Structure formats: structure tokens, C-alpha cells
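Colleague: What follows is target.cif; its format and atoms are mmCIF, C-alpha atoms and all ligand atoms.
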```
data_entry
#
loop_
_atom_site.label_atom_id
_atom_site.label_comp_id
_atom_site.auth_asym_id
_atom_site.auth_seq_id
_atom_site.Cartn_x
_atom_site.Cartn_y
_atom_site.Cartn_z
CA ALA A 1 -0.98 17.70 -9.46
CA PHE A 2 1.26 18.89 -6.64
CA VAL A 3 -0.21 20.18 -3.40
CA ASN A 4 0.75 23.65 -2.10
CA LYS A 5 1.84 22.46 1.29
CA VAL A 6 3.52 19.25 2.43
CA ARG A 7 3.50 17.88 5.95
CA ILE A 8 6.77 16.23 6.92
CA VAL A 9 6.66 13.53 9.59
CA GLU A 10 10.10 13.46 11.18
CA VAL A 11 10.98 9.88 12.09
CA GLY A 12 14.71 10.21 12.80
CA ALA A 13 14.36 9.89 16.57
CA ARG A 14 12.52 6.60 16.12
CA ASP A 15 13.15 4.93 12.75
CA GLY A 16 16.62 6.46 12.62
CA LEU A 17 17.84 5.84 16.14
CA GLN A 18 16.27 2.38 16.42
CA ASN A 19 18.97 1.19 14.05
CA GLU A 20 21.95 3.20 15.20
CA LYS A 21 24.11 2.44 18.22
CA THR A 22 22.24 3.39 21.38
CA VAL A 23 22.43 7.08 22.26
CA SER A 24 21.67 8.56 25.66
CA THR A 25 18.23 9.77 26.69
CA ALA A 26 19.63 13.30 26.97
CA ASP A 27 20.95 13.19 23.40
CA LYS A 28 17.55 12.02 22.12
CA VAL A 29 15.79 14.80 24.01
CA ALA A 30 18.24 17.36 22.61
CA LEU A 31 17.64 16.02 19.09
CA ILE A 32 13.86 16.24 19.36
CA ASN A 33 14.04 19.74 20.82
CA ALA A 34 16.34 20.80 17.97
CA LEU A 35 13.95 19.31 15.40
CA SER A 36 11.09 21.20 16.94
CA ALA A 37 13.13 24.42 16.92
CA ALA A 38 13.74 23.84 13.20
CA GLY A 39 9.97 23.95 12.66
CA LEU A 40 8.96 20.29 12.58
CA LYS A 41 5.43 19.82 13.87
CA ASP A 42 5.06 16.06 13.56
CA ILE A 43 7.78 14.13 15.33
CA GLU A 44 7.83 10.41 15.99
CA ALA A 45 9.58 10.37 19.33
CA GLY A 46 9.97 6.71 20.23
CA ALA A 47 8.65 3.17 20.20
CA PHE A 48 6.84 1.21 22.90
CA VAL A 49 8.04 -2.14 21.67
CA SER A 50 9.83 -5.00 23.38
CA PRO A 51 13.19 -3.77 24.72
CA LYS A 52 14.54 -7.23 23.93
CA TRP A 53 13.70 -6.73 20.26
CA VAL A 54 14.79 -3.11 19.96
CA PRO A 55 16.98 -2.06 22.91
CA GLN A 56 17.65 1.33 21.29
CA MET A 57 14.05 2.39 22.05
CA ALA A 58 13.93 1.09 25.64
CA ASP A 59 14.02 4.61 27.12
CA SER A 60 11.14 6.02 25.03
CA ALA A 61 9.03 6.78 28.12
CA ASP A 62 11.91 8.76 29.65
CA VAL A 63 12.55 10.64 26.42
CA ILE A 64 8.92 11.63 26.01
CA SER A 65 8.52 12.56 29.67
CA ALA A 66 11.47 14.93 29.37
CA LEU A 67 9.90 16.85 26.46
CA ASP A 68 7.74 19.92 26.80
CA LEU A 69 6.57 20.71 23.27
CA PRO A 70 2.89 21.65 23.34
CA ASP A 71 2.92 22.73 19.67
CA VAL A 72 4.32 19.47 18.40
CA ASN A 73 2.38 16.36 17.54
CA LEU A 74 4.53 13.71 19.22
CA SER A 75 3.81 10.15 18.13
CA ALA A 76 5.17 6.74 19.05
CA LEU A 77 4.97 3.14 17.85
CA THR A 78 2.48 1.02 19.79
CA PRO A 79 2.38 -2.54 18.41
CA ASN A 80 0.00 -3.85 21.08
CA LEU A 81 -2.05 -2.88 24.10
CA LYS A 82 0.96 -3.01 26.40
CA GLY A 83 2.71 -0.43 24.22
CA ALA A 84 -0.44 1.67 23.98
CA HIS A 85 -0.80 1.82 27.76
CA ALA A 86 2.84 2.82 28.19
CA ALA A 87 2.58 5.53 25.53
CA HIS A 88 -0.63 6.90 27.00
CA ALA A 89 0.97 7.02 30.47
CA VAL A 90 3.49 9.60 29.19
CA GLY A 91 0.88 11.66 27.35
CA ILE A 92 1.31 10.51 23.74
CA LYS A 93 -1.61 11.79 21.63
CA GLU A 94 -0.82 9.89 18.45
CA PHE A 95 -0.12 6.17 18.24
CA ALA A 96 1.43 4.44 15.26
CA ILE A 97 0.53 0.84 14.57
CA PHE A 98 2.55 -1.11 12.03
CA THR A 99 2.08 -4.15 9.88
CA ALA A 100 3.23 -5.21 6.42
CA ALA A 101 2.15 -6.18 2.93
CA SER A 102 4.42 -9.23 3.27
CA GLU A 103 3.58 -12.14 5.60
CA SER A 104 7.24 -13.06 6.14
CA PHE A 105 8.23 -9.54 7.08
CA CYS A 106 5.27 -9.22 9.43
CA GLN A 107 6.32 -12.41 11.23
CA LYS A 108 9.94 -11.32 11.55
CA ASN A 109 9.07 -7.79 12.64
CA ILE A 110 6.17 -8.23 15.04
CA ASN A 111 5.94 -12.01 15.44
CA CYS A 112 2.46 -12.53 14.01
CA SER A 113 0.59 -12.83 10.73
CA ILE A 114 -0.91 -9.81 9.00
CA ASP A 115 -4.42 -10.85 10.07
CA GLU A 116 -3.27 -11.37 13.67
CA SER A 117 -1.68 -7.92 13.62
CA ILE A 118 -4.98 -6.37 12.60
CA GLU A 119 -6.68 -8.21 15.48
CA ARG A 120 -4.11 -6.87 17.97
CA PHE A 121 -4.55 -3.40 16.56
CA SER A 122 -8.31 -3.44 17.07
CA GLU A 123 -7.64 -3.50 20.84
CA VAL A 124 -5.12 -0.69 20.49
CA MET A 125 -7.66 1.26 18.43
CA ALA A 126 -10.43 0.81 21.00
CA PHE A 127 -8.11 2.07 23.73
CA ALA A 128 -7.03 5.00 21.55
CA LYS A 129 -10.61 6.00 20.76
CA ALA A 130 -11.57 5.88 24.44
CA ASN A 131 -8.67 8.22 25.22
CA ASN A 132 -8.94 10.62 22.29
CA ILE A 133 -5.73 9.49 20.68
CA ARG A 134 -5.37 9.42 16.94
CA VAL A 135 -3.78 6.49 15.22
CA ARG A 136 -1.54 6.30 12.20
CA GLY A 137 -0.96 3.05 10.34
CA TYR A 138 2.21 1.85 8.66
CA VAL A 139 2.45 -0.74 5.93
CA SER A 140 5.96 -2.12 5.43
CA CYS A 141 7.40 -3.66 2.26
CA VAL A 142 5.03 -1.87 -0.13
CA LEU A 143 7.58 -1.99 -2.96
CA GLY A 144 9.43 -5.17 -2.09
CA CYS A 145 10.31 -7.49 0.77
CA PRO A 146 13.71 -8.74 1.94
CA TYR A 147 12.28 -12.27 2.28
CA GLU A 148 9.63 -12.49 -0.45
CA GLY A 149 10.97 -10.16 -3.12
CA GLU A 150 8.20 -8.67 -5.28
CA ILE A 151 5.04 -7.61 -3.48
CA ASP A 152 1.67 -7.51 -5.21
CA PRO A 153 0.25 -3.95 -5.11
CA GLN A 154 -3.15 -5.57 -4.39
CA ALA A 155 -1.70 -6.82 -1.08
CA VAL A 156 -0.73 -3.25 -0.21
CA LEU A 157 -4.22 -2.04 -1.08
CA SER A 158 -5.85 -4.75 1.00
CA VAL A 159 -3.84 -4.13 4.18
CA SER A 160 -4.06 -0.34 3.78
CA GLN A 161 -7.84 -0.59 3.61
CA LYS A 162 -7.88 -2.78 6.71
CA LEU A 163 -5.91 -0.16 8.63
CA LEU A 164 -8.21 2.63 7.47
CA ASP A 165 -11.30 0.53 8.26
CA LEU A 166 -9.93 0.04 11.77
CA GLY A 167 -9.89 3.82 12.18
CA CYS A 168 -6.39 4.98 11.23
CA TYR A 169 -6.52 8.58 10.02
CA GLU A 170 -3.68 7.92 7.60
CA VAL A 171 -1.61 5.07 6.20
CA SER A 172 2.09 5.51 5.66
CA LEU A 173 3.47 3.41 2.80
CA GLY A 174 6.86 2.00 3.72
CA ASP A 175 9.49 1.11 1.18
CA THR A 176 11.29 -0.58 4.04
CA ILE A 177 14.31 -1.72 2.05
CA GLY A 178 14.38 1.13 -0.45
CA VAL A 179 14.13 -1.04 -3.55
CA GLY A 180 11.33 0.81 -5.33
CA THR A 181 11.71 2.94 -8.42
CA ALA A 182 9.52 5.76 -9.68
CA LYS A 183 7.46 3.70 -12.11
CA LYS A 184 6.48 1.22 -9.43
CA VAL A 185 5.66 4.03 -7.01
CA THR A 186 3.40 5.63 -9.62
CA GLN A 187 1.64 2.34 -10.39
CA LEU A 188 1.15 1.52 -6.70
CA ILE A 189 -0.20 4.94 -5.76
CA GLU A 190 -2.45 5.11 -8.82
CA LEU A 191 -3.97 1.80 -7.75
CA LEU A 192 -4.41 2.94 -4.14
CA LEU A 193 -6.01 6.21 -5.25
CA THR A 194 -8.78 4.30 -7.00
CA HIS A 195 -9.96 3.25 -3.51
CA ILE A 196 -8.37 5.62 -1.00
CA ASP A 197 -8.46 9.41 -0.66
CA LYS A 198 -5.00 10.88 -1.25
CA ALA A 199 -5.26 12.87 1.96
CA LYS A 200 -5.10 9.55 3.82
CA LEU A 201 -1.80 8.41 2.32
CA ALA A 202 1.76 9.19 3.32
CA VAL A 203 5.03 7.92 1.87
CA HIS A 204 7.85 6.50 3.96
CA PHE A 205 10.80 5.70 1.78
CA HIS A 206 14.15 4.30 2.83
CA ASP A 207 17.05 5.27 0.60
CA THR A 208 18.96 2.00 0.29
CA TYR A 209 19.20 2.18 -3.49
CA GLY A 210 19.33 5.99 -3.69
CA GLN A 211 15.82 6.23 -5.14
CA ALA A 212 13.91 7.76 -2.23
CA LEU A 213 13.90 11.37 -3.39
CA THR A 214 12.89 10.43 -6.94
CA ASN A 215 10.18 8.19 -5.55
CA ILE A 216 8.93 11.01 -3.34
CA TYR A 217 8.78 13.26 -6.38
CA ALA A 218 6.66 10.64 -8.13
CA ALA A 219 4.32 10.47 -5.13
CA LEU A 220 4.10 14.26 -4.82
CA SER A 221 3.20 14.56 -8.49
CA LEU A 222 0.15 12.40 -7.75
CA GLY A 223 -0.97 14.78 -4.99
CA ILE A 224 0.46 13.00 -1.95
CA ALA A 225 0.87 15.59 0.81
CA THR A 226 2.61 13.79 3.67
CA VAL A 227 6.21 12.61 3.58
CA ASP A 228 8.11 10.75 6.30
CA ALA A 229 11.80 11.54 6.59
CA ALA A 230 14.67 11.25 9.05
CA VAL A 231 17.09 14.06 9.79
CA ALA A 232 20.60 13.24 8.51
CA GLY A 233 19.18 10.11 6.88
CA LEU A 234 19.58 8.29 10.18
CA GLY A 235 18.92 4.62 10.63
CA GLY A 236 17.53 1.64 8.83
CA CYS A 237 15.45 -1.29 10.08
CA PRO A 238 16.73 -3.98 12.46
CA TYR A 239 14.62 -6.66 10.73
CA ALA A 240 15.56 -5.71 7.18
CA LYS A 241 19.22 -6.59 6.76
CA GLY A 242 21.17 -4.07 4.72
CA ALA A 243 18.39 -1.51 4.75
CA SER A 244 19.76 2.00 5.03
CA GLY A 245 18.11 4.99 6.62
CA ASN A 246 15.05 6.92 5.60
CA VAL A 247 15.35 9.67 3.06
CA ALA A 248 17.07 12.62 4.75
CA THR A 249 14.68 15.34 5.86
CA GLU A 250 17.15 17.97 4.67
CA ASP A 251 17.00 16.55 1.13
CA VAL A 252 13.19 16.52 1.16
CA VAL A 253 13.05 20.12 2.38
CA TYR A 254 15.45 21.21 -0.36
CA LEU A 255 13.33 19.44 -2.98
CA LEU A 256 10.14 21.08 -1.67
CA GLN A 257 11.82 24.47 -1.65
CA GLY A 258 12.75 24.06 -5.30
CA LEU A 259 9.21 23.02 -6.16
CA GLY A 260 7.80 26.05 -4.37
CA ILE A 261 5.89 23.83 -1.95
CA GLU A 262 5.40 25.13 1.57
CA HIS A 263 6.93 23.07 4.39
CA GLY A 264 7.51 25.34 7.38
CA ILE A 265 11.04 24.17 8.13
CA ASP A 266 14.26 26.12 8.65
CA LEU A 267 16.74 24.12 6.58
CA GLN A 268 19.86 25.49 8.27
CA ARG A 269 18.60 24.69 11.77
CA LEU A 270 17.49 21.27 10.59
CA SER A 271 20.89 20.60 9.11
CA ASP A 272 22.57 21.74 12.35
CA ALA A 273 20.38 19.29 14.30
CA GLY A 274 21.59 16.53 11.97
CA TRP A 275 25.23 17.44 12.51
CA GLU A 276 24.74 17.43 16.30
CA ILE A 277 23.24 13.94 16.46
CA THR A 278 25.67 12.46 13.93
CA LYS A 279 28.55 13.86 16.00
CA VAL A 280 27.17 11.81 18.90
CA LEU A 281 27.02 8.77 16.60
CA GLY A 282 30.52 9.35 15.25
CA LYS A 283 29.41 9.73 11.66
CA GLN A 284 28.36 12.37 9.13
CA PRO A 285 24.83 13.11 7.95
CA VAL A 286 23.71 10.89 5.09
CA SER A 287 22.30 13.91 3.28
CA LYS A 288 23.97 15.53 0.31
CA VAL A 289 22.12 18.77 1.06
CA SER A 290 23.34 18.85 4.65
CA VAL A 291 26.94 18.11 3.69
CA ALA A 292 26.81 20.79 0.96
CA LEU A 293 25.41 23.40 3.37
CA HIS A 294 28.03 22.51 5.96
CA THR A 295 31.02 22.88 3.68
CA LYS A 296 29.79 25.96 1.84
P1 LIG A 301 5.96 -11.10 21.14
O1 LIG A 301 7.18 -11.79 21.67
O2 LIG A 301 5.17 -11.80 20.11
O3 LIG A 301 4.99 -10.59 22.27
O4 LIG A 301 6.41 -9.69 20.57
P2 LIG A 301 4.50 -11.18 23.62
O5 LIG A 301 3.23 -10.49 23.89
O6 LIG A 301 4.57 -12.68 23.60
O7 LIG A 301 5.59 -10.65 24.67
C1 LIG A 301 6.92 -11.13 24.75
C2 LIG A 301 7.73 -10.25 25.70
O8 LIG A 301 7.77 -8.91 25.22
C3 LIG A 301 7.12 -10.15 27.10
O9 LIG A 301 8.23 -9.93 28.00
C4 LIG A 301 6.31 -8.89 27.03
O10 LIG A 301 6.11 -8.31 28.28
C5 LIG A 301 7.17 -8.01 26.17
P3 LIG A 301 8.92 -11.12 28.81
O11 LIG A 301 7.80 -11.77 29.55
O12 LIG A 301 9.53 -12.03 27.77
O13 LIG A 301 9.92 -10.40 29.65
N1 LIG A 301 6.39 -7.00 25.45
C6 LIG A 301 6.61 -5.68 25.51
N2 LIG A 301 7.52 -4.96 26.17
C7 LIG A 301 7.45 -3.62 26.01
N3 LIG A 301 6.56 -3.00 25.22
C8 LIG A 301 5.65 -3.71 24.53
C9 LIG A 301 5.66 -5.11 24.67
N4 LIG A 301 4.89 -6.08 24.15
C10 LIG A 301 5.35 -7.24 24.63
N5 LIG A 301 4.77 -3.09 23.74
C11 LIG A 301 6.16 -7.46 19.80
C12 LIG A 301 5.55 -8.84 19.89
C13 LIG A 301 5.38 -6.65 18.79
C14 LIG A 301 6.11 -6.80 21.14
C15 LIG A 301 7.63 -7.63 19.35
O14 LIG A 301 7.65 -8.39 18.20
C16 LIG A 301 8.33 -6.33 19.12
O15 LIG A 301 8.54 -5.54 20.02
N6 LIG A 301 8.80 -6.10 17.89
C17 LIG A 301 9.57 -4.92 17.60
C18 LIG A 301 9.18 -4.44 16.28
C19 LIG A 301 9.88 -3.14 15.96
O16 LIG A 301 9.99 -2.25 16.77
N7 LIG A 301 10.35 -3.05 14.70
C20 LIG A 301 10.93 -1.87 14.20
C21 LIG A 301 9.88 -0.82 13.98
S1 LIG A 301 8.87 -1.08 12.54
C22 LIG A 301 9.73 -0.32 11.25
O17 LIG A 301 10.82 0.14 11.46
C23 LIG A 301 9.04 -0.17 9.92
C24 LIG A 301 8.50 1.25 9.69
O18 LIG A 301 9.52 2.21 9.83
C25 LIG A 301 7.89 1.34 8.29
C26 LIG A 301 8.85 0.85 7.20
O19 LIG A 301 9.94 1.40 7.04
O20 LIG A 301 8.46 -0.11 6.54
C27 LIG A 301 7.41 1.58 10.71
MG MG A 302 10.91 2.73 8.30
#
```
Is it possible to give me this structure as C-alpha cells?
Modeller:
Amino acid sequence: AFVNKVRIVEVGARDGLQNEKTVSTADKVALINALSAAGLKDIEAGAFVSPKWVPQMADSADVISALDLPDVNLSALTPNLKGAHAAHAVGIKEFAIFTAASESFCQKNINCSIDESIERFSEVMAFAKANNIRVRGYVSCVLGCPYEGEIDPQAVLSVSQKLLDLGCYEVSLGDTIGVGTAKKVTQLIELLLTHIDKAKLAVHFHDTYGQALTNIYAALSLGIATVDAAVAGLGGCPYAKGASGNVATEDVVYLLQGLGIEHGIDLQRLSDAGWEITKVLGKQPVSKVSVALHTK
């Protein structure tokens, strides 16, 4: 059954912009402020990762320092203790750690095995607990991997449980390369729900094959209440060749509106925020809803 209220985690400033051409710190700050003004309460604002690996996120500390949004839960990626320290130094209250259900993807993305990633994260978790910071976990490649192809749902279950056992309050299920279809989403989530409370699961679907919104609908129908999305469908993933952006937040909001599910977001302001940042990038929003609203 559907929930009455869905929480949207806006990842455009991180997952989106990490795979677009580099934009200025000021443009990132303006984007995050516009997203907040549109009503978003959970905003992933940057990544404390190696600037050699992802130069687009190198100014995350400056971006976050320039924000003054006491009502917003700002989060950031922290793959290791170095990242955790840097995020804490600028006042981040929610870390995101990230691993994968695929060994090959994990190696390419964070340069270690899945088990090694969990070991690294236990240090991050200890630091987070000591500083009253909550931690979200991501699992990449839950519906397929660019290197390994099919992924066993049992592998997703196993790594999700490890993240929850570590102390993550929630696990976000990443269809990193957007290959999943609704039947697979249903089967995966039904399996996970036999072991994990639905309140601890989020979906994070990229739209490479145009299935994200349908897949979100499938997840919502099983009672999932948290959806990751990126304004204007920004981005992709630098370690997943050909991956396109996340599902557009505008499209998710429109879907929720139609379903009568509460979301707390002003669609017009959200769409305007998408047009502003895509103007900077020299492109148009990858959101049918946003384009339709704009040309109405
Ligand atoms: P490594 O090379 O194994 O780490 O990288 P290392 O500890 O050996 O350090 C190597 C160098 O990186 C050193 O610098 C460190 O200081 C530096 P050098 O001595 O060479 O000058 N370094 C750092 N610098 C800044 N911040 C840090 C940090 N850590 C080390 N935190 C590491 C390991 C994880 C750091 C690296 O592999 C990395 O940064 N990877 C980037 C991964 C990434 O950002 N991927 C994209 C985000 S994940 C994603 O998009 C998927 C998701 O959206 C879900 C989905 O869609 O599936 C979440
Ligand atoms: Mg992603």
C-alpha cells in the first residue's frame, strides 16, 4: 500500500553536478538555496571524496560553508575518515557512505572490495556516533552492474544488512545505470522487506533506460516512503559509462501529486531552479514535466 507522505532526498547538487561540467561555487550555492526555497528538506550538498577522482566536488566545503539553511537536512558523501572529518568541519549533520552490490563496481568507484568498504565505514560510523551525526548508506548496482551485468538480489540484501548493522538509519538502493524494470524492482524490494523494515529503505533510480518513474511507482506501491531524485534530471555517474542522470525531481513531484501523496514541494519553484542551473550548464532540464510547465 502507498504511504500518505513521501520524503524526497534531493541529490542534484551532488549526484547531478558530479557528472556535469564543473560549475562555480556560487552557482552551486544558488542552486541549493533555490531547492530549499522550493520546499526540499533533505538536500545532498556535496561529496568529500578525492578531488582527483571527482574534481566537480572539490569545492564541497566552500559550498556548504556558504549555506545558511537551519531547516534543511544537508548531507554529504563521506567515503572514509578523511572525508568524514572534512564534512564535520563544515557542520554536516548527515553523512552518506556508499558501497555496492557488485565487487567490480565497488573497486572502480571507491578502490576497495565490498568487505573493505564496510571496514572503512566502521571508522566513519564511530566518528559519526561520537559527534551526533546520522549516517545514510547507499548500495550501488542493485538492479545491474556495468561490469558484471545481472546482480543477485541476495547480494543486495546482504550488503544492505551490513550497512544497517553498522548503524545506518536508512539504505538507499541505487539503480546506478538505470537498467531495472518494474518487475525486478518489485522482486528485489519484496525480498528485502522479508528482512528489513520498509521505513529503512529508499530508492535511488537513474533514468538511463527511461524506467525510473515506473520503477519508483513499483517501489511506492510496496510502501517505500523515501525517493532520491535530482532536479532537472542532472548528472550521471563518472564510474558508470553511459549512465544518465537520476530521475528528475520535478517528474517525481508530479507523480506524487497525481497519486495524492504529500510531498511538501512547490513544483513551479522547483522547475525554475532546474531551469536556472541548466542555463549555467548550457542545456535544458531532462524532465518532461519541467519542459511542459515551461512552455505552457
Ligand atoms: P584511494 O586512492 O583508495 O584512497 O581512494 P587513499 O586513501 O589511498 O588516498 C589516495 C589519495 O586521495 C590521497 O591523496 C588522499 O589524501 C586522497 P594524495 O596523497 O594522492 O594526494 N583522499 C581524499 N581526498 C579528499 N577527500 C577524501 C579523501 N580520501 C583520500 N575523503 C577514495 C579512495 C574513496 C577516496 C576514492 O576512491 C574516491 O574518492 N572515489 C570517489 C568515488 C565517488 O565520489 N564516486 C561517485 C559517487 S558514488 C555514486 O555516484 C553512486 C550513488 O549515487 C548511488 C548510485 O547511483 O548507485 C551514491
Ligand atoms: Mg547515483
Colleague: Work out how far atom CA of A:Phe95 is from atom CA of A:Lys184, in Å to one decimal.
Modeller: 28.9 Å
Colleague: Grab me every residue within 6 Å of ligand LIG 301 (chain A), counting all atoms listed in the file, and send it over as a list in words.
Modeller: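 Checked against 6 Å with all atoms listed in the file; the hits are Asp15, Phe48, Val49, Ser50, Pro51, Trp53, Val54, Pro79, Asn80, Lys82, Gly83, Phe98, Asn109, Ile110, Asn111, Tyr138, Ser140, Cys141, Gly174, Asp175, Thr176 and Cys237 of chain A.
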Colleague: To one decimal place in Å, what is the distance between atom CA of A:Asp251 and atom CA of A:Ser287?
Modeller: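 So the answer is 6.3 Å.
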Colleague: May I have the residues within 8 Å of A:Thr22 as an MDAnalysis selection string, using all atoms listed in the file and disregarding those fewer than 3 positions away in the same chain?
Modeller: chainID A and resid 17:18 55:56
Colleague: Please provide as a PDB file with C-alpha atoms, in the frame of the given file all residues within 10 Å of A:Asp207, with the sequence filter that same-chain residues fewer than 4 positions apart are discarded (counting all atoms listed in the file).
Modeller:
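As a result, around-v9.pdb now contains:
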```
ATOM      1  CA  ASP A 175       9.490   1.110   1.180  1.00  0.00           C
ATOM      2  CA  THR A 176      11.290  -0.580   4.040  1.00  0.00           C
ATOM      3  CA  ILE A 177      14.310  -1.720   2.050  1.00  0.00           C
ATOM      4  CA  GLY A 178      14.380   1.130  -0.450  1.00  0.00           C
ATOM      5  CA  VAL A 179      14.130  -1.040  -3.550  1.00  0.00           C
ATOM      6  CA  GLY A 180      11.330   0.810  -5.330  1.00  0.00           C
ATOM      7  CA  GLN A 211      15.820   6.230  -5.140  1.00  0.00           C
ATOM      8  CA  ALA A 212      13.910   7.760  -2.230  1.00  0.00           C
ATOM      9  CA  LEU A 213      13.900  11.370  -3.390  1.00  0.00           C
ATOM     10  CA  ASN A 215      10.180   8.190  -5.550  1.00  0.00           C
ATOM     11  CA  GLY A 233      19.180  10.110   6.880  1.00  0.00           C
ATOM     12  CA  GLY A 236      17.530   1.640   8.830  1.00  0.00           C
ATOM     13  CA  ALA A 243      18.390  -1.510   4.750  1.00  0.00           C
ATOM     14  CA  SER A 244      19.760   2.000   5.030  1.00  0.00           C
ATOM     15  CA  GLY A 245      18.110   4.990   6.620  1.00  0.00           C
ATOM     16  CA  ASN A 246      15.050   6.920   5.600  1.00  0.00           C
ATOM     17  CA  VAL A 247      15.350   9.670   3.060  1.00  0.00           C
ATOM     18  CA  ALA A 248      17.070  12.620   4.750  1.00  0.00           C
ATOM     19  CA  VAL A 286      23.710  10.890   5.090  1.00  0.00           C
TER      20      VAL A 286
END
```
Colleague: Compare A:Asp228, A:Asp272, A:Glu119, A:Asp59 by their minimum atom-to-atom distance to ligand MG 302 (chain A), counting only C-alpha atoms and all ligand atoms, and give me the closest one.
Modeller: A:Asp228
Colleague: Calculate how many Å separate atom CA of A:Gly39 from atom CA of A:Gln268, rounding to one decimal.
Modeller: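 Going from atom CA of A:Gly39 over to atom CA of A:Gln268, I get 10.9 Å.
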Colleague: Nearest residue to A:Ser172 out of A:Leu31, A:Ile114, A:Leu234, A:Ala202, using all atoms listed in the file?
Modeller: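 Under the stated criterion, the closest residue is A:Ala202.
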Colleague: Nearest to ligand MG 302 (chain A) among A:Ala58, A:Thr194, A:Lys28, A:Val11, with distances taken over only C-alpha atoms and all ligand atoms: which residue is it?
Modeller: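 Among the listed residues, A:Val11 lies closest to ligand MG 302 (chain A).
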Colleague: Please return the centre and edge lengths, in Å to one decimal, of a box with edges along x, y and z that contains all listed atoms of stretch 79-91 of chain A, widened by 8 Å on every side, as JSON.
Modeller:
```
{"center_x": 0.7, "center_y": 3.9, "center_z": 24.4, "size_x": 21.5, "size_y": 31.5, "size_z": 28.1}
```
Colleague: Using only C-alpha atoms and all ligand atoms, which of A:Met125, A:Leu173, A:Ile32, A:Leu259 sits nearest ligand MG 302 (chain A)?
Modeller: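 Using only C-alpha atoms and all ligand atoms, ligand MG 302 (chain A) sits closest to A:Leu173.
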Colleague: Taking into account only C-alpha atoms and all ligand atoms, which residue in the set A:His294, A:Arg14, A:Lys183, A:Arg269 is nearest to ligand MG 302 (chain A)?
Modeller: A:Arg14
Colleague: May I have the residues within 10 Å of A:Asp197 as a PyMOL selection string, using only C-alpha atoms and disregarding those fewer than 4 positions away in the same chain?
Modeller: chain A and resi 170+192-193+201+224
Colleague: Pick from A:Ser117, A:Thr226, A:Ser24, A:Thr208: nearest to ligand MG 302 (chain A), with all atoms listed in the file counted?
Modeller: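 Among the listed residues, the smallest separation from ligand MG 302 (chain A) belongs to A:Thr208.
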Colleague: Can you tell me, as a ChimeraX atom specification, what residues are no more than 12 Å from A:Lys129 when counting only C-alpha atoms, ignoring any on the same chain fewer than 4 positions away?
Modeller: /A:84,88,93-95,121-125,133-135,166-169
Colleague: What's around A:Val29 at 9 Å? Count all atoms listed in the file, leave out sequence neighbours fewer than 4 positions away in its own chain, and write the answer as number ranges by chain.
Modeller: A: 24-25, 33-34, 45, 63-64, 66-67
